[in-house]
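Reviewing the structure listed below.
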Amino acid sequence: MKQTIRILLFLAAILILLRILSPSLQSDVSFSQAIYDRSGKLLRLTLSRDDKYRLWLPLKSISPVLVNATLLHEDKWFRFHPGVSPKSLVRAIWHTYVKKDRKIGGSTITMQLARIKYDINSRTISGKTSQILAAFWLELLYSKNEILEAYLNLVSYGLNIEGAGAASLVYFHKNADKLTLSDALALSVIPQSPAKRMGRVTEGIPANQSLEQARKVLFAKWIGKYPKDQDQKSIVDQRIILKRPSDLPFLAPHFANEVRELDPFDPVLNTTLDLRLQRLIERHIKSYVEANRQKGIKNAVVLLADHRTLEVKSLIGSADFFDQKIDGQVNGARAKRSPGSALKPFIYGLGIDQGLIHPMTMLKDAPMSFGAYNPENFDGEFSGPIKAKDALVKSRNVPAVDIASRLAPPGLHGLLLKAGITRMRDESFYGMSLALGSAEVSVEELAQLYAMLANGGVLKPLKFLKHQKEETGTRLLSKEASYLVLDILSNNPNPLQGFRTDWIRDHLSVSWKTGTSFGFRDAWSVGIVGPYVLAVWIGNFDGDGNPAFIGREAAAPLFFEIIDSLKSQAPEINEYSGKGLGDLNLTKVEVCAVSGGLPGPECDQRVPTWFVPGRSPIAKCDVHRRIFVNSATGLRACSDGARGTRPEVYEFWPSDLLAIFQQAGIPRRVPPPYESGCRMDDTASRGAGPRITSPREEVVYSLRMSDLNKERIPLTAVTDADSRVVRWFMNEEYLGASASGKPYFWRPKAGTFVVRAVDDLGRTSFREVRTQLVE
């Protein structure tokens, strides 16, 4: 007795081990993927690697009505037999091979699964024997539910469709758990003769007679077991309409391709996409491209995401997925392109965080050199002194480069690396041109950066699938800097709007920025509107430039067309109140309206600005200065407060800005010259000394030997408003003098020299210059 028990226990252990080690019934089989939008609408059902529609679903995801109808039709004793039904086999042999009056199948569901799984030819005696043995083996290793689940996922439902999940989507455009009784009965009878019952199904034409008859016969059996469904007879009697694979949706193709790459194995992908918004934006792109085709606008990319959750609501990777002329199947949302000025907000955010600027800081928009780099503005003009907030909104290049040049490491390059921007090169490769968008980013990456501003400076990755976990993110900017940048960008006017926004009741704030790449290859509009981040790109995938590809003229109109539609189609955009100041470390202070510095007693005009205590610059205004003037001559007195003098306030602008004022015909109240006899020791200690702008630092000047006598290098310097003359020295040799703001042309020699500029008040500066001879 003990020996028998040991043997039984050993056999049980072997059986348990075999069950544990046995492979899944879906192994070695490739499957389709069903991709859904956020509300459960099918976007696409893909083909498996062997070109079948075969979607694996757990048994609980298949309608119980279909399960019961299949058991009733195929194998009503499935739950009780060991894999083979002797009675069914004998009956099948008797009618098929002995009497030969009709063909009857004797295979159980387990036997049918064995034939499918192990590719058994069951039409021969040896094949049938192998099928029976394989059925016993399956029953030994797997549970009834596992076998039934595998059968319903692998059995043929006609054409190239296998499994109830795929069949439900193809024939009825329904998920397998949403089938009606009529649907389930139709599917249940197909596997018995898929070629006969599905061979002639055409779109819009009722199923063939064989399928209808089999369905009604099965319904009669169903009523015998489930009499409560007798009231379904009128529905079942109606001829059923079946769809074909060609009717399957193929929606949001670029988005669907991308989520498949994110999760290539999950049979069901529930995404974040909002099909309603996707179709809305697709219509806008189609009409916009068509209306602007004569300008050479043929392609567009748009991404819309909820910046609160980073869930992607809409992604259009090209204007037309099927247009080969524009390489429509390329997903432009992931392509790396030059963003142009769209990176400037992050320079200003870093400038605020590092205490270089506040919104009203006066910046200089004038010719400036940064080593060998001489940035110009898009319009080729210079504005002179400009407030930081205006410089960002008006997208002035020189102030942005100036701020970027003063950032402490890691600066803009470090921010982009920390943000995970791919394919970044060393900072030295870009130089100062990085501030104007020389590093390439994708639409998705840029959208993440702007969403970071709306999330208080914390960068999080975009979410495409519902099950993606929300990440804690990476802080790139402070909450205060992020808020101030968005506040500045909210004053960027809509270029198509001919009236002031404050005239509109319930005006929707849009914080946005444009970008235009070098060579007019890319036009961008990116921004925050309500709970969304919206990014629009216009251009050609092959990189061909077009003068029409200007951010404000090519991308902004589409950007605002989409926003106008969102206002009416997406109520949440109007209901979103945004984030208040909350616990932001911000305060309002008064600054000089002209210089943006903390006002002194000489500053008559003052304006409020946001200020970050302990971080924003606290320099006092140095434009308005009180000096003493000789009451008789009107000249500047040598000493302050002397008898016969009176105090007056003048504006001290550097010479480069004064030149811009003069070109624009704007008079400024500049200080008078000193009266004669003033000691240079006294005058040199007042005001700012000259700042040499040419020759440039870190530049080696090449002199052609053949034209050495004709070579000239301009010596220039920016001087304070009270300077009239600059004298130039090379090493200890006096070269000559020039009027303030004007160049002196030096005839150079080969070597290394120290150039020194001394103004007429004794203030000085110096710089090293290197030259070399070339053929």
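Letters A, B, ... go to the chains of the structure tokens in the order shown; residues in each chain start at 1; ligands are counted from 1 in the same order.
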**OP:** May I have the residues within 9 Å of region 396-405 of chain A as a PyMOL selection string, using only C-alpha atoms and disregarding those fewer than 3 positions away in the same chain?
**Re:** chain A and resi 341+344+347-348+350-351+356-357+363-368+370+374-378+382-383+386+388+390-393+408+411-412+432-436
Subject >> Contacts of region 129-132 of chain A within 7 Å, only C-alpha atoms, excl. fewer than 2 positions in-chain, as JSON, numbers by chain >> reply: {"A": [84, 111, 114, 115, 120, 122, 125, 126, 127, 134, 135, 136]}
Subject >> strand (DSSP E or B) positions in region 149-384 of chain A, given as a VMD selection string >> reply: chain A and resid 156 161 to 162 206 241 268 to 271 300 to 306 311 to 316 337 362 to 365 370 373 384
Once you have the residues from the selection above, write them out as a short mmCIF file (atom, residue, chain, number, x, y, z; two decimals), in the first residue's frame, restricted to N, CA, C and O atoms.
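The file below, selection-v3.cif, is the result:
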```
data_model
loop_
_atom_site.label_atom_id
_atom_site.label_comp_id
_atom_site.auth_asym_id
_atom_site.auth_seq_id
_atom_site.Cartn_x
_atom_site.Cartn_y
_atom_site.Cartn_z
N SER A 156 -9.75 28.98 -36.66
CA SER A 156 -10.01 29.81 -37.84
C SER A 156 -11.46 30.24 -37.90
O SER A 156 -12.38 29.44 -37.69
N ILE A 161 -8.51 35.15 -40.74
CA ILE A 161 -8.90 35.58 -39.40
C ILE A 161 -8.91 34.38 -38.46
O ILE A 161 -9.56 33.37 -38.73
N GLU A 162 -8.18 34.49 -37.38
CA GLU A 162 -8.12 33.42 -36.39
C GLU A 162 -8.37 34.01 -35.01
O GLU A 162 -7.84 35.06 -34.67
N PRO A 206 -25.33 40.41 -47.09
CA PRO A 206 -25.59 39.49 -45.99
C PRO A 206 -24.75 38.22 -46.12
O PRO A 206 -24.30 37.84 -47.19
N ILE A 241 -25.20 40.98 -41.24
CA ILE A 241 -24.26 41.67 -42.15
C ILE A 241 -22.87 41.58 -41.53
O ILE A 241 -22.65 42.00 -40.40
N VAL A 268 -3.29 44.04 -26.64
CA VAL A 268 -4.25 45.15 -26.58
C VAL A 268 -3.54 46.37 -26.01
O VAL A 268 -3.02 46.34 -24.90
N LEU A 269 -3.53 47.45 -26.80
CA LEU A 269 -2.88 48.69 -26.39
C LEU A 269 -3.94 49.76 -26.20
O LEU A 269 -4.54 50.24 -27.17
N ASN A 270 -4.18 50.11 -24.96
CA ASN A 270 -5.12 51.19 -24.64
C ASN A 270 -4.33 52.48 -24.50
O ASN A 270 -3.54 52.65 -23.56
N THR A 271 -4.53 53.38 -25.44
CA THR A 271 -3.69 54.57 -25.53
C THR A 271 -4.36 55.79 -24.93
O THR A 271 -5.52 55.76 -24.51
N ALA A 300 2.93 69.20 -42.62
CA ALA A 300 2.78 69.76 -41.27
C ALA A 300 2.81 68.62 -40.26
O ALA A 300 2.44 67.48 -40.56
N VAL A 301 3.26 68.96 -39.07
CA VAL A 301 3.28 68.02 -37.94
C VAL A 301 2.65 68.74 -36.75
O VAL A 301 2.97 69.90 -36.49
N VAL A 302 1.76 68.05 -36.04
CA VAL A 302 1.11 68.65 -34.87
C VAL A 302 1.08 67.63 -33.74
O VAL A 302 0.80 66.44 -33.95
N LEU A 303 1.37 68.10 -32.54
CA LEU A 303 1.24 67.27 -31.33
C LEU A 303 0.47 68.06 -30.29
O LEU A 303 0.77 69.23 -30.04
N LEU A 304 -0.52 67.41 -29.70
CA LEU A 304 -1.31 68.00 -28.62
C LEU A 304 -1.26 67.05 -27.43
O LEU A 304 -1.55 65.86 -27.57
N ALA A 305 -0.88 67.57 -26.27
CA ALA A 305 -0.80 66.75 -25.06
C ALA A 305 -1.35 67.52 -23.88
O ALA A 305 -1.34 68.76 -23.86
N ASP A 306 -1.83 66.80 -22.89
CA ASP A 306 -2.27 67.39 -21.63
C ASP A 306 -1.04 67.59 -20.76
O ASP A 306 -0.41 66.61 -20.35
N GLU A 311 -0.19 63.18 -21.13
CA GLU A 311 -0.84 62.24 -22.04
C GLU A 311 -1.01 62.88 -23.42
O GLU A 311 -1.54 63.98 -23.54
N VAL A 312 -0.56 62.17 -24.44
CA VAL A 312 -0.68 62.66 -25.81
C VAL A 312 -2.13 62.48 -26.26
O VAL A 312 -2.66 61.37 -26.28
N LYS A 313 -2.77 63.58 -26.63
CA LYS A 313 -4.17 63.54 -27.07
C LYS A 313 -4.27 63.42 -28.59
O LYS A 313 -5.26 62.87 -29.11
N SER A 314 -3.30 63.97 -29.29
CA SER A 314 -3.32 63.91 -30.75
C SER A 314 -1.89 64.00 -31.26
O SER A 314 -1.09 64.78 -30.72
N LEU A 315 -1.60 63.20 -32.27
CA LEU A 315 -0.29 63.26 -32.91
C LEU A 315 -0.46 63.00 -34.39
O LEU A 315 -0.96 61.94 -34.79
N ILE A 316 -0.12 63.98 -35.20
CA ILE A 316 -0.16 63.84 -36.65
C ILE A 316 1.27 64.02 -37.14
O ILE A 316 1.85 65.10 -37.04
N ARG A 337 14.85 68.37 -35.88
CA ARG A 337 14.86 69.59 -36.69
C ARG A 337 15.40 70.75 -35.85
O ARG A 337 15.38 70.72 -34.62
N MET A 362 16.70 95.84 -18.39
CA MET A 362 17.02 96.44 -19.68
C MET A 362 18.16 95.66 -20.31
O MET A 362 19.24 95.52 -19.73
N LEU A 363 17.92 95.14 -21.52
CA LEU A 363 18.93 94.42 -22.28
C LEU A 363 19.34 95.27 -23.48
O LEU A 363 18.62 96.19 -23.88
N LYS A 364 20.47 94.93 -24.05
CA LYS A 364 20.99 95.70 -25.16
C LYS A 364 20.76 94.94 -26.47
O LYS A 364 21.25 93.83 -26.65
N ASP A 365 20.00 95.55 -27.37
CA ASP A 365 19.83 95.00 -28.71
C ASP A 365 20.62 95.89 -29.66
O ASP A 365 20.08 96.82 -30.26
N PHE A 370 30.58 87.93 -29.94
CA PHE A 370 30.84 86.92 -28.92
C PHE A 370 31.90 85.99 -29.49
O PHE A 370 31.61 85.00 -30.14
N TYR A 373 31.59 85.04 -33.15
CA TYR A 373 30.17 84.98 -33.49
C TYR A 373 29.55 86.36 -33.41
O TYR A 373 29.65 87.04 -32.38
N GLY A 384 18.04 98.74 -29.87
CA GLY A 384 18.61 99.54 -28.80
C GLY A 384 18.27 98.92 -27.46
O GLY A 384 18.19 97.70 -27.31
#
```
Original post:
What is the distance between CA of Leu462 (chain A) and CA of Lys479 (chain A), in Å to one decimal?
Top reply: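 One can read the CA of Leu462 (chain A) to CA of Lys479 (chain A) distance as 20.0 Å.
Interatomic distance, CA of Glu381 (chain A) against CA of His358 (chain A): 24.3 Å.
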Original post:
Near region 55-66 of chain A, within 9 Å and counting only C-alpha atoms, which residues show up once chain neighbours fewer than 4 positions away are dropped, as a PyMOL selection string?
Top reply: chain A and resi 26+31-34+45+48+70-71+145-146+148-150+152-154+162-167+175-181+183-185+187-188+267-268
Give me a file of those residues, with C-alpha atoms, as a PDB file, in the first residue's frame.
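Written out: again-v6.pdb:
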```pdb
ATOM      1  CA  GLN A  26       0.294  30.846 -27.199  1.00  0.00           C
ATOM      2  CA  PHE A  31      -0.352  37.729 -32.820  1.00  0.00           C
ATOM      3  CA  SER A  32      -1.980  40.939 -33.920  1.00  0.00           C
ATOM      4  CA  GLN A  33      -2.200  44.046 -31.782  1.00  0.00           C
ATOM      5  CA  ALA A  34      -5.435  45.926 -31.255  1.00  0.00           C
ATOM      6  CA  LEU A  45      -5.828  45.925 -35.808  1.00  0.00           C
ATOM      7  CA  SER A  48       0.572  38.994 -37.270  1.00  0.00           C
ATOM      8  CA  THR A  70     -19.221  27.515 -28.994  1.00  0.00           C
ATOM      9  CA  LEU A  71     -19.424  24.724 -26.404  1.00  0.00           C
ATOM     10  CA  ASN A 145     -10.050  26.916 -19.172  1.00  0.00           C
ATOM     11  CA  GLU A 146      -6.545  27.151 -20.646  1.00  0.00           C
ATOM     12  CA  LEU A 148     -10.772  26.581 -24.147  1.00  0.00           C
ATOM     13  CA  GLU A 149      -9.004  29.949 -24.095  1.00  0.00           C
ATOM     14  CA  ALA A 150      -6.361  28.730 -26.561  1.00  0.00           C
ATOM     15  CA  LEU A 152     -11.022  30.475 -28.984  1.00  0.00           C
ATOM     16  CA  ASN A 153      -7.838  32.415 -29.790  1.00  0.00           C
ATOM     17  CA  LEU A 154      -6.401  30.091 -32.441  1.00  0.00           C
ATOM     18  CA  GLU A 162      -8.117  33.422 -36.385  1.00  0.00           C
ATOM     19  CA  GLY A 163      -9.466  33.741 -32.900  1.00  0.00           C
ATOM     20  CA  ALA A 164     -12.657  35.215 -31.521  1.00  0.00           C
ATOM     21  CA  GLY A 165     -10.993  38.517 -30.631  1.00  0.00           C
ATOM     22  CA  ALA A 166      -9.945  39.271 -34.201  1.00  0.00           C
ATOM     23  CA  ALA A 167     -13.162  37.861 -35.674  1.00  0.00           C
ATOM     24  CA  ASN A 175     -14.739  43.811 -28.885  1.00  0.00           C
ATOM     25  CA  ALA A 176     -15.236  40.141 -28.074  1.00  0.00           C
ATOM     26  CA  ASP A 177     -16.893  40.960 -24.749  1.00  0.00           C
ATOM     27  CA  LYS A 178     -19.546  43.134 -26.432  1.00  0.00           C
ATOM     28  CA  LEU A 179     -21.068  40.513 -28.778  1.00  0.00           C
ATOM     29  CA  THR A 180     -24.826  40.050 -28.913  1.00  0.00           C
ATOM     30  CA  LEU A 181     -26.429  36.609 -29.005  1.00  0.00           C
ATOM     31  CA  ASP A 183     -23.267  37.832 -33.236  1.00  0.00           C
ATOM     32  CA  ALA A 184     -22.072  35.014 -31.005  1.00  0.00           C
ATOM     33  CA  LEU A 185     -24.164  32.375 -32.793  1.00  0.00           C
ATOM     34  CA  LEU A 187     -19.167  33.242 -34.942  1.00  0.00           C
ATOM     35  CA  SER A 188     -19.737  29.893 -33.229  1.00  0.00           C
ATOM     36  CA  PRO A 267      -2.029  42.269 -27.742  1.00  0.00           C
ATOM     37  CA  VAL A 268      -4.248  45.147 -26.582  1.00  0.00           C
TER      38      VAL A 268
END
```
Subject >> Between CA of Ala535 (chain A) and CA of Glu471 (chain A) - distance in Å to one decimal >> reply: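 Atom-to-atom, CA of Glu471 (chain A) and CA of Ala535 (chain A) are spaced 21.9 Å apart.
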Near-region 615-632 of chain A list (9 Å; only C-alpha atoms; drop same-chain fewer than 2 positions) as an mmCIF file with N, CA, C and O atoms, in the first residue's frame:
```cif
data_model
loop_
_atom_site.group_PDB
_atom_site.id
_atom_site.type_symbol
_atom_site.label_atom_id
_atom_site.label_comp_id
_atom_site.auth_asym_id
_atom_site.auth_seq_id
_atom_site.Cartn_x
_atom_site.Cartn_y
_atom_site.Cartn_z
ATOM 1 N N ILE A 352 16.740 84.061 -15.330
ATOM 2 C CA ILE A 352 15.999 84.434 -14.115
ATOM 3 C C ILE A 352 16.511 83.633 -12.933
ATOM 4 O O ILE A 352 16.738 84.167 -11.835
ATOM 5 N N ASP A 353 16.720 82.342 -13.127
ATOM 6 C CA ASP A 353 17.184 81.489 -12.034
ATOM 7 C C ASP A 353 18.584 81.862 -11.565
ATOM 8 O O ASP A 353 18.903 81.731 -10.383
ATOM 9 N N GLN A 354 19.418 82.314 -12.492
ATOM 10 C CA GLN A 354 20.791 82.660 -12.113
ATOM 11 C C GLN A 354 20.948 84.124 -11.710
ATOM 12 O O GLN A 354 22.067 84.602 -11.507
ATOM 13 N N GLY A 355 19.847 84.832 -11.596
ATOM 14 C CA GLY A 355 19.897 86.213 -11.113
ATOM 15 C C GLY A 355 20.438 87.206 -12.109
ATOM 16 O O GLY A 355 20.877 88.306 -11.730
ATOM 17 N N LEU A 356 20.382 86.865 -13.393
ATOM 18 C CA LEU A 356 20.873 87.799 -14.414
ATOM 19 C C LEU A 356 19.808 88.798 -14.828
ATOM 20 O O LEU A 356 20.138 89.941 -15.183
ATOM 21 N N ILE A 357 18.568 88.393 -14.810
ATOM 22 C CA ILE A 357 17.495 89.260 -15.307
ATOM 23 C C ILE A 357 16.234 89.068 -14.475
ATOM 24 O O ILE A 357 16.072 88.067 -13.769
ATOM 25 N N HIS A 358 15.367 90.042 -14.575
ATOM 26 C CA HIS A 358 13.953 89.903 -14.214
ATOM 27 C C HIS A 358 13.165 90.407 -15.428
ATOM 28 O O HIS A 358 13.775 90.879 -16.405
ATOM 29 N N THR A 361 14.251 93.858 -16.774
ATOM 30 C CA THR A 361 15.668 94.182 -16.933
ATOM 31 C C THR A 361 15.917 94.762 -18.328
ATOM 32 O O THR A 361 15.422 94.235 -19.325
ATOM 33 N N VAL A 591 10.694 99.276 -10.347
ATOM 34 C CA VAL A 591 12.010 99.467 -10.953
ATOM 35 C C VAL A 591 11.941 100.681 -11.865
ATOM 36 O O VAL A 591 10.858 101.167 -12.202
ATOM 37 N N CYS A 592 13.098 101.158 -12.258
ATOM 38 C CA CYS A 592 13.161 102.282 -13.193
ATOM 39 C C CYS A 592 12.571 101.849 -14.530
ATOM 40 O O CYS A 592 12.923 100.794 -15.070
ATOM 41 N N VAL A 594 13.075 102.990 -17.375
ATOM 42 C CA VAL A 594 14.022 103.077 -18.486
ATOM 43 C C VAL A 594 15.073 101.980 -18.418
ATOM 44 O O VAL A 594 15.309 101.255 -19.379
ATOM 45 N N SER A 595 15.717 101.836 -17.262
ATOM 46 C CA SER A 595 16.846 100.907 -17.153
ATOM 47 C C SER A 595 16.462 99.538 -16.612
ATOM 48 O O SER A 595 17.185 98.570 -16.814
ATOM 49 N N GLY A 596 15.340 99.450 -15.907
ATOM 50 C CA GLY A 596 14.963 98.194 -15.278
ATOM 51 C C GLY A 596 15.699 97.929 -13.981
ATOM 52 O O GLY A 596 15.477 96.900 -13.335
ATOM 53 N N GLY A 597 16.593 98.836 -13.574
ATOM 54 C CA GLY A 597 17.305 98.686 -12.320
ATOM 55 C C GLY A 597 16.492 99.211 -11.150
ATOM 56 O O GLY A 597 15.458 99.874 -11.323
ATOM 57 N N LEU A 598 16.957 98.888 -9.944
ATOM 58 C CA LEU A 598 16.276 99.425 -8.776
ATOM 59 C C LEU A 598 16.366 100.946 -8.829
ATOM 60 O O LEU A 598 17.450 101.510 -9.025
ATOM 61 N N PRO A 599 15.261 101.634 -8.680
ATOM 62 C CA PRO A 599 15.253 103.083 -8.934
ATOM 63 C C PRO A 599 15.995 103.875 -7.866
ATOM 64 O O PRO A 599 15.912 103.576 -6.675
ATOM 65 N N GLY A 600 16.739 104.874 -8.345
ATOM 66 C CA GLY A 600 17.352 105.829 -7.443
ATOM 67 C C GLY A 600 16.501 107.084 -7.389
ATOM 68 O O GLY A 600 15.449 107.176 -8.042
ATOM 69 N N GLU A 602 16.901 109.722 -8.855
ATOM 70 C CA GLU A 602 16.848 110.427 -10.142
ATOM 71 C C GLU A 602 15.845 109.803 -11.111
ATOM 72 O O GLU A 602 15.582 110.356 -12.181
ATOM 73 N N CYS A 603 15.318 108.613 -10.779
ATOM 74 C CA CYS A 603 14.384 107.915 -11.676
ATOM 75 C C CYS A 603 12.971 108.430 -11.439
ATOM 76 O O CYS A 603 12.342 108.097 -10.418
ATOM 77 N N PHE A 611 9.618 90.015 -9.050
ATOM 78 C CA PHE A 611 10.957 89.961 -8.497
ATOM 79 C C PHE A 611 11.069 88.694 -7.661
ATOM 80 O O PHE A 611 10.161 88.363 -6.900
ATOM 81 N N VAL A 612 12.176 87.966 -7.820
ATOM 82 C CA VAL A 612 12.419 86.762 -7.012
ATOM 83 C C VAL A 612 13.368 87.149 -5.889
ATOM 84 O O VAL A 612 14.558 87.356 -6.130
ATOM 85 N N PRO A 613 12.865 87.295 -4.668
ATOM 86 C CA PRO A 613 13.731 87.717 -3.559
ATOM 87 C C PRO A 613 14.927 86.783 -3.398
ATOM 88 O O PRO A 613 14.802 85.565 -3.448
ATOM 89 N N GLY A 634 27.032 126.088 -18.775
ATOM 90 C CA GLY A 634 26.273 124.888 -19.136
ATOM 91 C C GLY A 634 27.132 123.649 -19.260
ATOM 92 O O GLY A 634 26.640 122.577 -19.623
ATOM 93 N N LEU A 635 28.439 123.792 -18.986
ATOM 94 C CA LEU A 635 29.340 122.652 -19.041
ATOM 95 C C LEU A 635 29.344 121.903 -17.711
ATOM 96 O O LEU A 635 28.969 122.450 -16.664
ATOM 97 N N ARG A 636 29.814 120.697 -17.782
ATOM 98 C CA ARG A 636 29.852 119.852 -16.579
ATOM 99 C C ARG A 636 30.960 120.339 -15.660
ATOM 100 O O ARG A 636 32.108 120.547 -16.103
ATOM 101 N N ALA A 637 30.615 120.492 -14.401
ATOM 102 C CA ALA A 637 31.576 121.007 -13.434
ATOM 103 C C ALA A 637 32.595 119.931 -13.092
ATOM 104 O O ALA A 637 32.309 118.734 -13.097
ATOM 105 N N CYS A 638 33.808 120.414 -12.810
ATOM 106 C CA CYS A 638 34.870 119.460 -12.455
ATOM 107 C C CYS A 638 34.585 118.781 -11.139
ATOM 108 O O CYS A 638 34.924 117.608 -10.945
ATOM 109 N N SER A 639 33.985 119.469 -10.202
ATOM 110 C CA SER A 639 33.687 118.896 -8.891
ATOM 111 C C SER A 639 32.229 119.120 -8.560
ATOM 112 O O SER A 639 31.631 120.118 -8.980
ATOM 113 N N ASP A 640 31.673 118.212 -7.798
ATOM 114 C CA ASP A 640 30.260 118.272 -7.455
ATOM 115 C C ASP A 640 30.027 119.270 -6.320
ATOM 116 O O ASP A 640 30.791 119.317 -5.352
ATOM 117 N N GLY A 641 28.977 120.062 -6.467
ATOM 118 C CA GLY A 641 28.557 120.968 -5.406
ATOM 119 C C GLY A 641 29.342 122.246 -5.310
ATOM 120 O O GLY A 641 29.193 122.978 -4.319
ATOM 121 N N ALA A 642 30.190 122.518 -6.302
ATOM 122 C CA ALA A 642 30.984 123.745 -6.241
ATOM 123 C C ALA A 642 30.091 124.976 -6.409
ATOM 124 O O ALA A 642 28.981 124.895 -6.944
ATOM 125 N N ARG A 643 30.593 126.121 -5.962
ATOM 126 C CA ARG A 643 29.829 127.359 -6.096
ATOM 127 C C ARG A 643 29.595 127.680 -7.573
ATOM 128 O O ARG A 643 30.484 127.481 -8.395
ATOM 129 N N GLY A 644 28.418 128.130 -7.873
ATOM 130 C CA GLY A 644 28.068 128.489 -9.237
ATOM 131 C C GLY A 644 27.636 127.294 -10.090
ATOM 132 O O GLY A 644 27.581 127.419 -11.317
ATOM 133 N N THR A 645 27.340 126.189 -9.439
ATOM 134 C CA THR A 645 26.875 125.005 -10.181
ATOM 135 C C THR A 645 25.473 124.629 -9.724
ATOM 136 O O THR A 645 25.028 125.034 -8.648
ATOM 137 N N ARG A 646 24.820 123.862 -10.551
ATOM 138 C CA ARG A 646 23.477 123.376 -10.186
ATOM 139 C C ARG A 646 23.379 121.874 -10.550
ATOM 140 O O ARG A 646 23.988 121.425 -11.528
ATOM 141 N N PRO A 647 22.627 121.094 -9.805
ATOM 142 C CA PRO A 647 22.482 119.666 -10.118
ATOM 143 C C PRO A 647 21.434 119.453 -11.225
ATOM 144 O O PRO A 647 20.400 120.118 -11.260
ATOM 145 N N GLU A 648 21.755 118.581 -12.147
ATOM 146 C CA GLU A 648 20.799 118.184 -13.182
ATOM 147 C C GLU A 648 20.930 116.675 -13.433
ATOM 148 O O GLU A 648 21.994 116.093 -13.220
ATOM 149 N N VAL A 649 19.831 116.060 -13.909
ATOM 150 C CA VAL A 649 19.817 114.615 -14.187
ATOM 151 C C VAL A 649 19.895 114.412 -15.690
ATOM 152 O O VAL A 649 19.121 115.002 -16.460
ATOM 153 N N TYR A 650 20.840 113.566 -16.093
ATOM 154 C CA TYR A 650 21.004 113.216 -17.501
ATOM 155 C C TYR A 650 20.944 111.691 -17.665
ATOM 156 O O TYR A 650 21.112 110.937 -16.700
ATOM 157 N N GLU A 651 20.715 111.278 -18.933
ATOM 158 C CA GLU A 651 20.715 109.847 -19.246
ATOM 159 C C GLU A 651 22.079 109.456 -19.800
ATOM 160 O O GLU A 651 22.543 110.051 -20.780
ATOM 161 N N PHE A 652 22.696 108.485 -19.175
ATOM 162 C CA PHE A 652 24.012 108.018 -19.603
ATOM 163 C C PHE A 652 23.839 106.700 -20.373
ATOM 164 O O PHE A 652 23.765 105.623 -19.793
ATOM 165 N N TRP A 653 23.749 106.833 -21.694
ATOM 166 C CA TRP A 653 23.627 105.653 -22.550
ATOM 167 C C TRP A 653 24.976 105.331 -23.170
ATOM 168 O O TRP A 653 25.704 106.242 -23.559
ATOM 169 N N PRO A 671 24.756 113.978 -21.321
ATOM 170 C CA PRO A 671 25.465 114.972 -20.482
ATOM 171 C C PRO A 671 26.370 115.876 -21.317
ATOM 172 O O PRO A 671 26.910 115.465 -22.348
ATOM 173 N N PRO A 672 26.568 117.124 -20.861
ATOM 174 C CA PRO A 672 27.482 118.044 -21.568
ATOM 175 C C PRO A 672 28.928 117.670 -21.260
ATOM 176 O O PRO A 672 29.211 116.968 -20.292
ATOM 177 N N TYR A 674 32.896 118.146 -20.004
ATOM 178 C CA TYR A 674 33.486 118.807 -18.843
ATOM 179 C C TYR A 674 34.022 120.186 -19.232
ATOM 180 O O TYR A 674 34.433 120.412 -20.383
ATOM 181 N N GLU A 675 34.000 121.073 -18.266
ATOM 182 C CA GLU A 675 34.629 122.364 -18.486
ATOM 183 C C GLU A 675 36.140 122.181 -18.490
ATOM 184 O O GLU A 675 36.653 121.171 -18.000
ATOM 185 N N GLY A 687 31.797 107.195 -13.869
ATOM 186 C CA GLY A 687 31.231 106.562 -15.053
ATOM 187 C C GLY A 687 31.933 105.259 -15.420
ATOM 188 O O GLY A 687 32.722 104.705 -14.656
#
```
**OP:** Find the residues around Ala750 (chain A) up to 12 Å (only C-alpha atoms counted), leave out those fewer than 4 positions away in its own chain, and share them as JSON, numbers by chain.
**Re:** {"A": [700, 701, 702, 703, 704, 705, 708, 711, 769, 770, 771, 772, 773, 774]}
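Residues with any atom within 10 Å of Ala684 (chain A), counting only C-alpha atoms and excluding same-chain neighbours fewer than 2 positions away, are Arg679, Met680, Asp681, Asp682, Arg686, Gly687, Ala688, Gly689, Val758, Asp759, Asp760, Leu761, Gly762, Arg763 and Thr764 of chain A.
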**OP:** Find the residues near Ile713 (chain A): any atom within 9 Å, counting only C-alpha atoms, skip ones fewer than 5 places away on the same chain, and give them as a PyMOL selection string.
**Re:** chain A and resi 694-695+701+744-748
Original post:
Which of region 555-599 of chain A counts as helix (DSSP H, G or I) under DSSP, as a PyMOL selection string please?
Top reply: chain A and resi 555-569+572-575
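Between Trp222 (chain A) and the candidates A:Lys466, A:Phe250, A:Asn68, A:Ser107, the tightest atom-to-atom separation, counting only C-alpha atoms, involves A:Asn68.
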Original post:
Which of these, A:Glu732, A:Glu212, A:Asp75, A:Glu440, has the shortest distance to His413 (chain A) once you count only C-alpha atoms?
Top reply: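 Closest candidate: A:Glu440.
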**OP:** Pick out the closest residue to Phe541 (chain A) from this set: A:Ile692, A:Ala481, A:Ala593, A:Ile326. Count only C-alpha atoms.
**Re:** A:Ile326
